[in-house]
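> Before anything else, here's the structure in question.
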Amino acid sequence: MNATSWPEARRVARSAGHPLDPTDVTLPEALGATLAVPLVALSPLPAYDAAAMDGYAVSGPGPWRVTGRVLAGDARPVEPLLPGTAVEIATGALVPAGVDAVLPYERARSRSDRVHGEIETGRHIRRRGDDCPLGEEVLPAGTLVTPTLLGLAASLGHDRLTVHRRPRVGVVVTGAELLSHGLPTPGRVRDAISPMLPGLVDSAGGVITWTTRVTDDKTALVEAMSRPDAEIVVVCGATSVGAADHLRGALEALAAQVRVHGVACRPGHPQLLATLPDGRCVVGLPGNPYAALVAALTLLTPLLGRLAGRAQRRAVTARLVGPVKVLDRDTRLVPVAREGSVVVPVGHDRPGLLWGAAEANALAVVPPGWQGAEVELLALPDADAAAAVAVRPPEPESGPTPPEVAPTGADGPPGGVLRLPARTPLAVATTSEN
Ligand SMILES: Nc1nc2c(c(=O)[nH]1)N[C@H]1C(S)=C(S)[C@@H](COP(=O)(O)OP(=O)(O)OC[C@H]3O[C@@H](n4cnc5c(N)ncnc54)[C@H](O)[C@@H]3O)O[C@H]1N2
Ligand code: MOO
């Protein structure tokens, strides 16, 4: 196997597709997608001269005679103020013409209908367009739509946003030994990859539209991968060279162009990336769950980010402190936790074990022969990100709850394809692609 270097693998993944078509969606639907056009101010901000404090809007030198009251939301036109007069005004209310300043209640002394105080011309008035002029390009295309961006878009007068369509991901889970629930038994293990994929895919800008489990059989794998309704097919397991590992054979049968044929990294060595003749991409994740996570962050999230139209982010780096086994030829991906200004390895990072990664904030990228202190970090979607949540519309059901696959794979339906239930609506993490 001629393994691609880790940085090159990510570059190839990022360039293996193009941003998907723009689509117009409501603000809530846009959360987690990427702006396909710049966010423009449809209104100046503020949209009108507005009071910034509760108090008196005054005209000319004081003392002032109070002639009325303007509250926020008052739509009736207010007469221009004459010098020597004032109106009581609420924060956010439209400031009448002729006003020189707003005098906050705390600074005002009032006697009968007269008000006294010191003013500074222009003080406590937010002038129309002061914060943002009409037509300003506020954020560029390629910006991730976050909860904050939705608030800003609403302030600027948007009801809908033009975003890139989210890339659809189909998942093919291989492995006759896999259980989808209950305790592991001799020869049987729990499928640990499918549960982590929806969050990873969502946080990178995509959406899983179907999940299928296949027995260890090349024809079944070819059939599952031929489903056209996803831009990316993720195959879990079957990447290696064992008697039951049919991914490479299936790709050959499908006349796929393999672009990454193994990556010089540990774990995650056998991961691969291929393009099918119709343009769909296939990402092969090794069966060992931590290796699958590494491969997802190496190949899948950059590809998703590209298809989702996300601008590429600058690498985040940190000083790595603690024992790390550095390899001669391979990049190591090490789960780390932040401790003050540095990151430290958390351990528990064998290829089959997600314990360390589940404790970590990020994976540190330790290049071959590394001697330095700084490392690149790949952020892991975390609870904070998951809390910035949108509930996506339910995805199409992909069939009834499946039976478990028998160890021999012989009890599956004709063609060996078993359906897994579609995932339920998901808490969406909005971290960017790494
Ligand atoms: N002769 C060689 N054998 C192996 C090599 C190699 O280079 N030469 N590479 C090893 C490495 S590294 C990895 S990683 C694995 C990759 O294996 P596959 O992608 O073919 O996956 P499987 O063989 O199906 O499974 C490997 C391992 O992972 C468990 N598994 C599979 N799927 C899941 C899942 N969804 N959830 C939890 N665990 C899963 C499976 O039971 C096996 O234990 O190959 C090595 N071998
Ligand atoms: O490198 Mo494998 O990808 O260790 O588990």
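So you can find residues: chains in the structure tokens are A, B, ... in the order shown, residues in each start at 1, and ligands are numbered from 1 in order.
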Would you mind listing, for every residue of chain A within 8 Å of ligand 1, the two atoms forming the shortest contact and the distance between them in Å to one decimal, using only C-alpha atoms and all ligand atoms, sorted by chain and ascending residue number, as JSON lines?


{"residue": "A:Val173", "atom": "CA", "partner": "ligand 1", "partner_atom_place_in_ligand_line": "35 (N)", "distance": 6.2}
{"residue": "A:Thr174", "atom": "CA", "partner": "ligand 1", "partner_atom_place_in_ligand_line": "32 (N)", "distance": 6.4}
{"residue": "A:Gly175", "atom": "CA", "partner": "ligand 1", "partner_atom_place_in_ligand_line": "24 (O)", "distance": 5.2}
{"residue": "A:Glu177", "atom": "CA", "partner": "ligand 1", "partner_atom_place_in_ligand_line": "41 (O)", "distance": 6.1}
{"residue": "A:Leu178", "atom": "CA", "partner": "ligand 1", "partner_atom_place_in_ligand_line": "34 (C)", "distance": 6.4}
{"residue": "A:Arg188", "atom": "CA", "partner": "ligand 1", "partner_atom_place_in_ligand_line": "41 (O)", "distance": 7.4}
{"residue": "A:Val189", "atom": "CA", "partner": "ligand 1", "partner_atom_place_in_ligand_line": "41 (O)", "distance": 6.1}
{"residue": "A:Arg190", "atom": "CA", "partner": "ligand 1", "partner_atom_place_in_ligand_line": "37 (C)", "distance": 5.6}
{"residue": "A:Asp191", "atom": "CA", "partner": "ligand 1", "partner_atom_place_in_ligand_line": "36 (N)", "distance": 3.5}
{"residue": "A:Ala192", "atom": "CA", "partner": "ligand 1", "partner_atom_place_in_ligand_line": "36 (N)", "distance": 3.9}
{"residue": "A:Ile193", "atom": "CA", "partner": "ligand 1", "partner_atom_place_in_ligand_line": "35 (N)", "distance": 4.5}
{"residue": "A:Ser194", "atom": "CA", "partner": "ligand 1", "partner_atom_place_in_ligand_line": "35 (N)", "distance": 6.3}
{"residue": "A:Cys236", "atom": "CA", "partner": "ligand 1", "partner_atom_place_in_ligand_line": "35 (N)", "distance": 6.0}
{"residue": "A:Gly237", "atom": "CA", "partner": "ligand 1", "partner_atom_place_in_ligand_line": "19 (O)", "distance": 3.5}
{"residue": "A:Ala238", "atom": "CA", "partner": "ligand 1", "partner_atom_place_in_ligand_line": "20 (O)", "distance": 3.5}
{"residue": "A:Thr239", "atom": "CA", "partner": "ligand 1", "partner_atom_place_in_ligand_line": "19 (O)", "distance": 3.7}
{"residue": "A:Ser240", "atom": "CA", "partner": "ligand 1", "partner_atom_place_in_ligand_line": "20 (O)", "distance": 3.6}
{"residue": "A:Val241", "atom": "CA", "partner": "ligand 1", "partner_atom_place_in_ligand_line": "2 (C)", "distance": 5.8}
{"residue": "A:Gly242", "atom": "CA", "partner": "ligand 1", "partner_atom_place_in_ligand_line": "3 (N)", "distance": 6.3}
{"residue": "A:Ala244", "atom": "CA", "partner": "ligand 1", "partner_atom_place_in_ligand_line": "23 (O)", "distance": 7.1}
{"residue": "A:Asp245", "atom": "CA", "partner": "ligand 1", "partner_atom_place_in_ligand_line": "20 (O)", "distance": 5.0}
{"residue": "A:Arg266", "atom": "CA", "partner": "ligand 1", "partner_atom_place_in_ligand_line": "12 (S)", "distance": 7.6}
{"residue": "A:Pro267", "atom": "CA", "partner": "ligand 1", "partner_atom_place_in_ligand_line": "12 (S)", "distance": 6.3}
{"residue": "A:Gly268", "atom": "CA", "partner": "ligand 1", "partner_atom_place_in_ligand_line": "14 (S)", "distance": 5.5}
{"residue": "A:His269", "atom": "CA", "partner": "ligand 1", "partner_atom_place_in_ligand_line": "12 (S)", "distance": 5.4}
{"residue": "A:Pro270", "atom": "CA", "partner": "ligand 1", "partner_atom_place_in_ligand_line": "14 (S)", "distance": 6.0}
{"residue": "A:Gln271", "atom": "CA", "partner": "ligand 1", "partner_atom_place_in_ligand_line": "19 (O)", "distance": 7.5}
{"residue": "A:Gly284", "atom": "CA", "partner": "ligand 1", "partner_atom_place_in_ligand_line": "19 (O)", "distance": 7.6}
{"residue": "A:Leu285", "atom": "CA", "partner": "ligand 1", "partner_atom_place_in_ligand_line": "19 (O)", "distance": 6.3}
{"residue": "A:Pro286", "atom": "CA", "partner": "ligand 1", "partner_atom_place_in_ligand_line": "19 (O)", "distance": 3.4}
{"residue": "A:Gly287", "atom": "CA", "partner": "ligand 1", "partner_atom_place_in_ligand_line": "31 (C)", "distance": 3.4}
{"residue": "A:Asn288", "atom": "CA", "partner": "ligand 1", "partner_atom_place_in_ligand_line": "28 (O)", "distance": 3.7}
{"residue": "A:Pro289", "atom": "CA", "partner": "ligand 1", "partner_atom_place_in_ligand_line": "37 (C)", "distance": 5.3}
{"residue": "A:Ala291", "atom": "CA", "partner": "ligand 1", "partner_atom_place_in_ligand_line": "14 (S)", "distance": 5.6}
{"residue": "A:Ala292", "atom": "CA", "partner": "ligand 1", "partner_atom_place_in_ligand_line": "14 (S)", "distance": 7.6}
{"residue": "A:Pro351", "atom": "CA", "partner": "ligand 1", "partner_atom_place_in_ligand_line": "14 (S)", "distance": 6.6}
{"residue": "A:Gly352", "atom": "CA", "partner": "ligand 1", "partner_atom_place_in_ligand_line": "28 (O)", "distance": 6.5}

> Determine, counting only C-alpha atoms, which protein, DNA and RNA residues have an atom within 6 Å of an atom of A:Lys218; residues of the same chain fewer than 3 positions away are not included. Present the result as a list in words.

Leu221, His246 and Ala250 of chain A

> Which residues are close to stretch 85-94 of chain A, i.e. within 6 Å by only C-alpha atoms, leaving aside same-chain residues fewer than 3 positions away? Reply as a ChimeraX atom specification.

/A:49-59,64-72,82

> Using DSSP on the backbone, list every residue of stretch 22-246 of chain A that comes out as strand (DSSP E or B), and give them as a compact mmCIF listing (two decimals) with N, CA and C atoms, in the first residue's frame.


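Just written: part21.txt:
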# COMPACT_ATOMS: atom_id res chain seq x y z
N PRO A 22 -26.43 26.48 -4.18
CA PRO A 22 -27.06 27.32 -3.16
C PRO A 22 -28.56 27.04 -3.08
N THR A 23 -29.12 27.23 -1.90
CA THR A 23 -30.56 27.07 -1.72
C THR A 23 -31.03 28.10 -0.70
N ASP A 24 -32.28 28.52 -0.86
CA ASP A 24 -32.87 29.56 0.00
C ASP A 24 -33.65 28.90 1.13
N VAL A 25 -33.30 29.17 2.37
CA VAL A 25 -33.99 28.50 3.48
C VAL A 25 -34.35 29.52 4.57
N THR A 26 -35.26 29.11 5.45
CA THR A 26 -35.62 30.00 6.57
C THR A 26 -34.45 30.09 7.53
N THR A 34 -23.77 26.80 5.45
CA THR A 34 -22.74 27.80 5.15
C THR A 34 -23.32 28.83 4.20
N LEU A 35 -23.02 30.11 4.43
CA LEU A 35 -23.51 31.16 3.55
C LEU A 35 -22.96 30.95 2.14
N LEU A 39 -23.46 37.97 3.62
CA LEU A 39 -24.58 38.50 4.39
C LEU A 39 -24.53 40.02 4.27
N VAL A 40 -25.61 40.58 3.69
CA VAL A 40 -25.65 42.01 3.39
C VAL A 40 -26.67 42.68 4.30
N LEU A 45 -28.28 49.81 10.46
CA LEU A 45 -28.44 49.55 11.89
C LEU A 45 -27.82 50.69 12.69
N ALA A 50 -32.27 56.37 17.34
CA ALA A 50 -32.94 55.75 18.48
C ALA A 50 -32.30 56.22 19.79
N ALA A 51 -33.12 56.32 20.83
CA ALA A 51 -32.60 56.66 22.16
C ALA A 51 -31.83 55.47 22.71
N GLY A 55 -34.99 58.42 29.45
CA GLY A 55 -34.78 59.77 29.99
C GLY A 55 -35.57 60.79 29.20
N TYR A 56 -34.89 61.92 28.89
CA TYR A 56 -35.56 63.00 28.16
C TYR A 56 -34.78 63.30 26.89
N ALA A 57 -35.51 63.36 25.75
CA ALA A 57 -34.90 63.83 24.51
C ALA A 57 -35.09 65.35 24.51
N VAL A 58 -33.97 66.08 24.44
CA VAL A 58 -34.06 67.53 24.64
C VAL A 58 -33.58 68.27 23.41
N TRP A 64 -35.70 72.59 30.08
CA TRP A 64 -36.61 72.25 28.98
C TRP A 64 -38.02 72.02 29.52
N ARG A 65 -38.99 72.39 28.71
CA ARG A 65 -40.39 72.14 29.06
C ARG A 65 -40.77 70.78 28.45
N VAL A 66 -41.29 69.88 29.28
CA VAL A 66 -41.62 68.52 28.80
C VAL A 66 -43.00 68.56 28.13
N THR A 67 -43.03 68.15 26.85
CA THR A 67 -44.28 68.29 26.08
C THR A 67 -44.95 66.96 25.79
N GLY A 68 -44.29 65.84 26.12
CA GLY A 68 -44.94 64.55 25.81
C GLY A 68 -44.04 63.38 26.13
N ARG A 69 -44.38 62.21 25.57
CA ARG A 69 -43.65 60.97 25.89
C ARG A 69 -43.60 60.11 24.63
N VAL A 70 -42.44 59.53 24.34
CA VAL A 70 -42.30 58.59 23.20
C VAL A 70 -41.76 57.28 23.74
N THR A 85 -37.62 72.63 24.50
CA THR A 85 -38.62 71.61 24.86
C THR A 85 -37.95 70.24 24.92
N ALA A 86 -38.69 69.30 25.54
CA ALA A 86 -38.19 67.92 25.69
C ALA A 86 -39.37 66.96 25.65
N VAL A 87 -39.09 65.70 25.30
CA VAL A 87 -40.09 64.64 25.48
C VAL A 87 -39.45 63.54 26.31
N GLU A 88 -40.26 62.92 27.13
CA GLU A 88 -39.77 61.72 27.83
C GLU A 88 -39.56 60.65 26.78
N ILE A 89 -38.52 59.89 26.89
CA ILE A 89 -38.23 58.91 25.83
C ILE A 89 -37.73 57.60 26.44
N LEU A 94 -37.95 55.98 18.80
CA LEU A 94 -37.54 56.85 17.70
C LEU A 94 -37.33 58.28 18.23
N ALA A 101 -29.81 65.75 22.31
CA ALA A 101 -29.23 64.71 23.18
C ALA A 101 -30.36 64.06 23.97
N VAL A 102 -30.00 62.91 24.57
CA VAL A 102 -30.92 62.30 25.52
C VAL A 102 -30.29 62.46 26.90
N LEU A 103 -31.10 62.99 27.82
CA LEU A 103 -30.65 63.20 29.19
C LEU A 103 -31.22 62.06 30.03
N PRO A 104 -30.37 61.13 30.52
CA PRO A 104 -30.90 59.99 31.29
C PRO A 104 -31.60 60.48 32.56
N ARG A 109 -32.97 66.61 36.70
CA ARG A 109 -33.73 67.10 37.86
C ARG A 109 -35.00 67.70 37.29
N SER A 110 -36.15 67.21 37.78
CA SER A 110 -37.38 67.77 37.20
C SER A 110 -38.20 68.47 38.27
N ARG A 111 -38.75 69.60 37.88
CA ARG A 111 -39.64 70.37 38.75
C ARG A 111 -40.84 70.76 37.92
N ARG A 114 -40.89 71.21 34.13
CA ARG A 114 -39.55 71.62 33.65
C ARG A 114 -38.52 70.54 34.03
N VAL A 115 -37.53 70.37 33.17
CA VAL A 115 -36.45 69.44 33.48
C VAL A 115 -35.12 70.16 33.28
N HIS A 116 -34.20 69.89 34.22
CA HIS A 116 -32.87 70.53 34.20
C HIS A 116 -31.80 69.46 34.09
N ILE A 125 -27.75 59.10 21.78
CA ILE A 125 -28.59 58.89 20.59
C ILE A 125 -27.81 57.96 19.66
N ARG A 126 -28.44 56.83 19.29
CA ARG A 126 -27.82 55.93 18.30
C ARG A 126 -28.34 56.35 16.95
N CYS A 132 -24.08 50.02 11.36
CA CYS A 132 -23.87 49.34 10.09
C CYS A 132 -24.66 50.05 9.01
N GLU A 137 -21.56 44.71 3.25
CA GLU A 137 -21.30 43.25 3.29
C GLU A 137 -20.75 42.93 4.67
N VAL A 138 -21.57 42.31 5.47
CA VAL A 138 -21.23 42.14 6.88
C VAL A 138 -20.37 40.90 7.10
N LEU A 139 -20.72 39.80 6.43
CA LEU A 139 -19.94 38.56 6.54
C LEU A 139 -19.79 37.95 5.16
N LEU A 144 -19.86 29.95 8.37
CA LEU A 144 -20.75 28.97 9.01
C LEU A 144 -21.91 29.72 9.66
N ARG A 160 -34.87 34.89 5.24
CA ARG A 160 -34.32 33.67 4.65
C ARG A 160 -32.84 33.90 4.36
N LEU A 161 -32.10 32.84 4.23
CA LEU A 161 -30.68 32.96 3.88
C LEU A 161 -30.36 32.03 2.72
N THR A 162 -29.41 32.44 1.91
CA THR A 162 -28.96 31.60 0.81
C THR A 162 -27.72 30.84 1.29
N VAL A 163 -27.89 29.54 1.43
CA VAL A 163 -26.80 28.70 1.95
C VAL A 163 -26.53 27.57 0.97
N HIS A 164 -25.38 26.94 1.12
CA HIS A 164 -25.11 25.75 0.31
C HIS A 164 -25.94 24.59 0.84
N ARG A 168 -25.20 15.23 1.61
CA ARG A 168 -25.87 14.04 2.16
C ARG A 168 -24.85 12.90 2.26
N VAL A 169 -24.91 12.21 3.37
CA VAL A 169 -23.96 11.12 3.61
C VAL A 169 -24.75 9.82 3.80
N GLY A 170 -24.38 8.80 3.05
CA GLY A 170 -24.92 7.46 3.27
C GLY A 170 -23.86 6.63 3.98
N VAL A 171 -24.27 5.83 4.94
CA VAL A 171 -23.30 5.06 5.74
C VAL A 171 -23.52 3.57 5.51
N VAL A 172 -22.45 2.88 5.18
CA VAL A 172 -22.50 1.43 5.02
C VAL A 172 -21.64 0.83 6.14
N VAL A 173 -22.27 0.07 7.02
CA VAL A 173 -21.55 -0.54 8.13
C VAL A 173 -21.30 -2.00 7.78
N THR A 174 -20.02 -2.40 7.81
CA THR A 174 -19.70 -3.79 7.49
C THR A 174 -19.23 -4.50 8.74
N LEU A 178 -20.80 -7.50 14.32
CA LEU A 178 -21.30 -6.30 15.00
C LEU A 178 -22.68 -6.50 15.62
N LEU A 179 -22.82 -5.95 16.81
CA LEU A 179 -24.12 -5.90 17.49
C LEU A 179 -24.55 -4.43 17.55
N THR A 185 -20.49 -10.19 23.28
CA THR A 185 -20.36 -11.60 23.66
C THR A 185 -19.15 -12.15 22.92
N ARG A 188 -18.48 -11.27 19.28
CA ARG A 188 -19.38 -10.20 18.83
C ARG A 188 -19.01 -8.90 19.56
N VAL A 189 -18.98 -7.79 18.83
CA VAL A 189 -18.67 -6.49 19.44
C VAL A 189 -19.78 -5.50 19.10
N ARG A 190 -19.93 -4.50 19.94
CA ARG A 190 -20.89 -3.44 19.64
C ARG A 190 -20.37 -2.56 18.52
N VAL A 207 -25.22 15.87 6.50
CA VAL A 207 -26.35 15.22 7.14
C VAL A 207 -26.40 13.77 6.67
N ILE A 208 -26.56 12.86 7.64
CA ILE A 208 -26.65 11.44 7.26
C ILE A 208 -28.08 11.15 6.80
N THR A 209 -28.22 10.65 5.59
CA THR A 209 -29.57 10.42 5.07
C THR A 209 -29.94 8.95 5.09
N TRP A 210 -28.97 8.08 5.14
CA TRP A 210 -29.30 6.67 5.30
C TRP A 210 -28.13 5.89 5.88
N THR A 211 -28.47 4.81 6.55
CA THR A 211 -27.46 3.91 7.10
C THR A 211 -27.87 2.49 6.77
N THR A 212 -26.93 1.72 6.29
CA THR A 212 -27.21 0.35 5.88
C THR A 212 -26.13 -0.55 6.44
N ARG A 213 -26.53 -1.74 6.86
CA ARG A 213 -25.50 -2.67 7.30
C ARG A 213 -25.42 -3.81 6.28
N VAL A 214 -24.22 -4.18 5.93
CA VAL A 214 -24.08 -5.28 4.98
C VAL A 214 -23.24 -6.39 5.60
N ILE A 232 -21.76 11.55 -0.50
CA ILE A 232 -20.64 10.81 0.09
C ILE A 232 -21.15 9.49 0.66
N VAL A 233 -20.46 8.42 0.34
CA VAL A 233 -20.76 7.13 0.96
C VAL A 233 -19.60 6.83 1.92
N VAL A 234 -19.95 6.62 3.18
CA VAL A 234 -18.94 6.25 4.17
C VAL A 234 -19.05 4.75 4.41
N VAL A 235 -17.95 4.06 4.25
CA VAL A 235 -17.95 2.62 4.52
C VAL A 235 -17.15 2.39 5.80
N CYS A 236 -17.78 1.75 6.78
CA CYS A 236 -17.10 1.49 8.06
C CYS A 236 -16.58 0.07 8.06

> Under the rule that only C-alpha atoms are counted, which of A:Thr301, A:Ser180, A:Ser341, A:Thr121 is the nearest residue to A:Gly199?

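Smallest separation from A:Gly199 among the options: A:Thr301.
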
> Please identify the alpha helix (DSSP H) residues within stretch 37-154 of chain A (assignment by DSSP from backbone atoms) and present them as a list in words.

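Restricting stretch 37-154 of chain A to alpha helix (DSSP H) produces Pro147, Thr148, Leu149, Leu150, Gly151, Leu152, Ala153 and Ala154 of chain A.
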
> Please dump the current selection as a PDB file, in the first residue's frame; keep N, CA and C atoms.


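Dumped to result-v4.pdb:
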ATOM      1  N   PRO A 147     -25.747  30.153  15.717  1.00  0.00           N
ATOM      2  CA  PRO A 147     -26.885  30.813  16.359  1.00  0.00           C
ATOM      3  C   PRO A 147     -26.722  32.337  16.372  1.00  0.00           C
ATOM      4  N   THR A 148     -25.512  32.807  16.600  1.00  0.00           N
ATOM      5  CA  THR A 148     -25.266  34.252  16.645  1.00  0.00           C
ATOM      6  C   THR A 148     -25.505  34.890  15.293  1.00  0.00           C
ATOM      7  N   LEU A 149     -25.045  34.203  14.246  1.00  0.00           N
ATOM      8  CA  LEU A 149     -25.243  34.744  12.897  1.00  0.00           C
ATOM      9  C   LEU A 149     -26.744  34.870  12.601  1.00  0.00           C
ATOM     10  N   LEU A 150     -27.547  33.913  13.075  1.00  0.00           N
ATOM     11  CA  LEU A 150     -28.993  33.994  12.845  1.00  0.00           C
ATOM     12  C   LEU A 150     -29.573  35.248  13.495  1.00  0.00           C
ATOM     13  N   GLY A 151     -29.108  35.561  14.701  1.00  0.00           N
ATOM     14  CA  GLY A 151     -29.573  36.773  15.373  1.00  0.00           C
ATOM     15  C   GLY A 151     -29.180  38.008  14.574  1.00  0.00           C
ATOM     16  N   LEU A 152     -27.948  38.033  14.101  1.00  0.00           N
ATOM     17  CA  LEU A 152     -27.473  39.169  13.312  1.00  0.00           C
ATOM     18  C   LEU A 152     -28.285  39.302  12.028  1.00  0.00           C
ATOM     19  N   ALA A 153     -28.521  38.162  11.359  1.00  0.00           N
ATOM     20  CA  ALA A 153     -29.272  38.191  10.094  1.00  0.00           C
ATOM     21  C   ALA A 153     -30.666  38.757  10.319  1.00  0.00           C
ATOM     22  N   ALA A 154     -31.290  38.385  11.435  1.00  0.00           N
ATOM     23  CA  ALA A 154     -32.621  38.923  11.740  1.00  0.00           C
ATOM     24  C   ALA A 154     -32.522  40.432  11.953  1.00  0.00           C
TER      25      ALA A 154
END

> Show which residues sit within 10 Å of A:Asp278, as a ChimeraX atom specification. Count only C-alpha atoms, and ignore same-chain residues fewer than 6 positions away.

/A:228,231,256

> Which residue, A:Arg107, A:Val324, A:Ala33, A:Thr215, has the smallest gap to A:Gly347 when you use only C-alpha atoms?

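The answer is A:Val324, which sits nearest to A:Gly347.
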
> For ligand 2, which residue among A:Arg166, A:His348, A:Arg332, A:Arg127 is the nearest when counting only C-alpha atoms and all ligand atoms?

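Ranked by minimum distance to ligand 2, first place goes to A:Arg332.
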
> Counting only C-alpha atoms and all ligand atoms, which residue out of A:Val294, A:Leu247, A:Ala41, A:Ala357 sits closest to ligand 2?

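Result for the nearest residue to ligand 2: A:Val294.
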
> Of the residues A:Gly262, A:Pro302, A:Pro323, A:Gly206, which is the one nearest to ligand 2, using only C-alpha atoms and all ligand atoms?

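Of A:Gly262, A:Pro302, A:Pro323, A:Gly206, the one nearest ligand 2 is A:Gly262, counting only C-alpha atoms and all ligand atoms.
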
> Which neighbours of A:Asn2 fall inside 10 Å, counting only C-alpha atoms, when residues of the same chain fewer than 6 positions from it are skipped, and could you give them as number ranges by chain?

A: 260-264

> One number please: atom CA of A:Leu354 to atom CA of A:Val258, in Å, one decimal.

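Separation between atom CA of A:Leu354 and atom CA of A:Val258: 27.9 Å.
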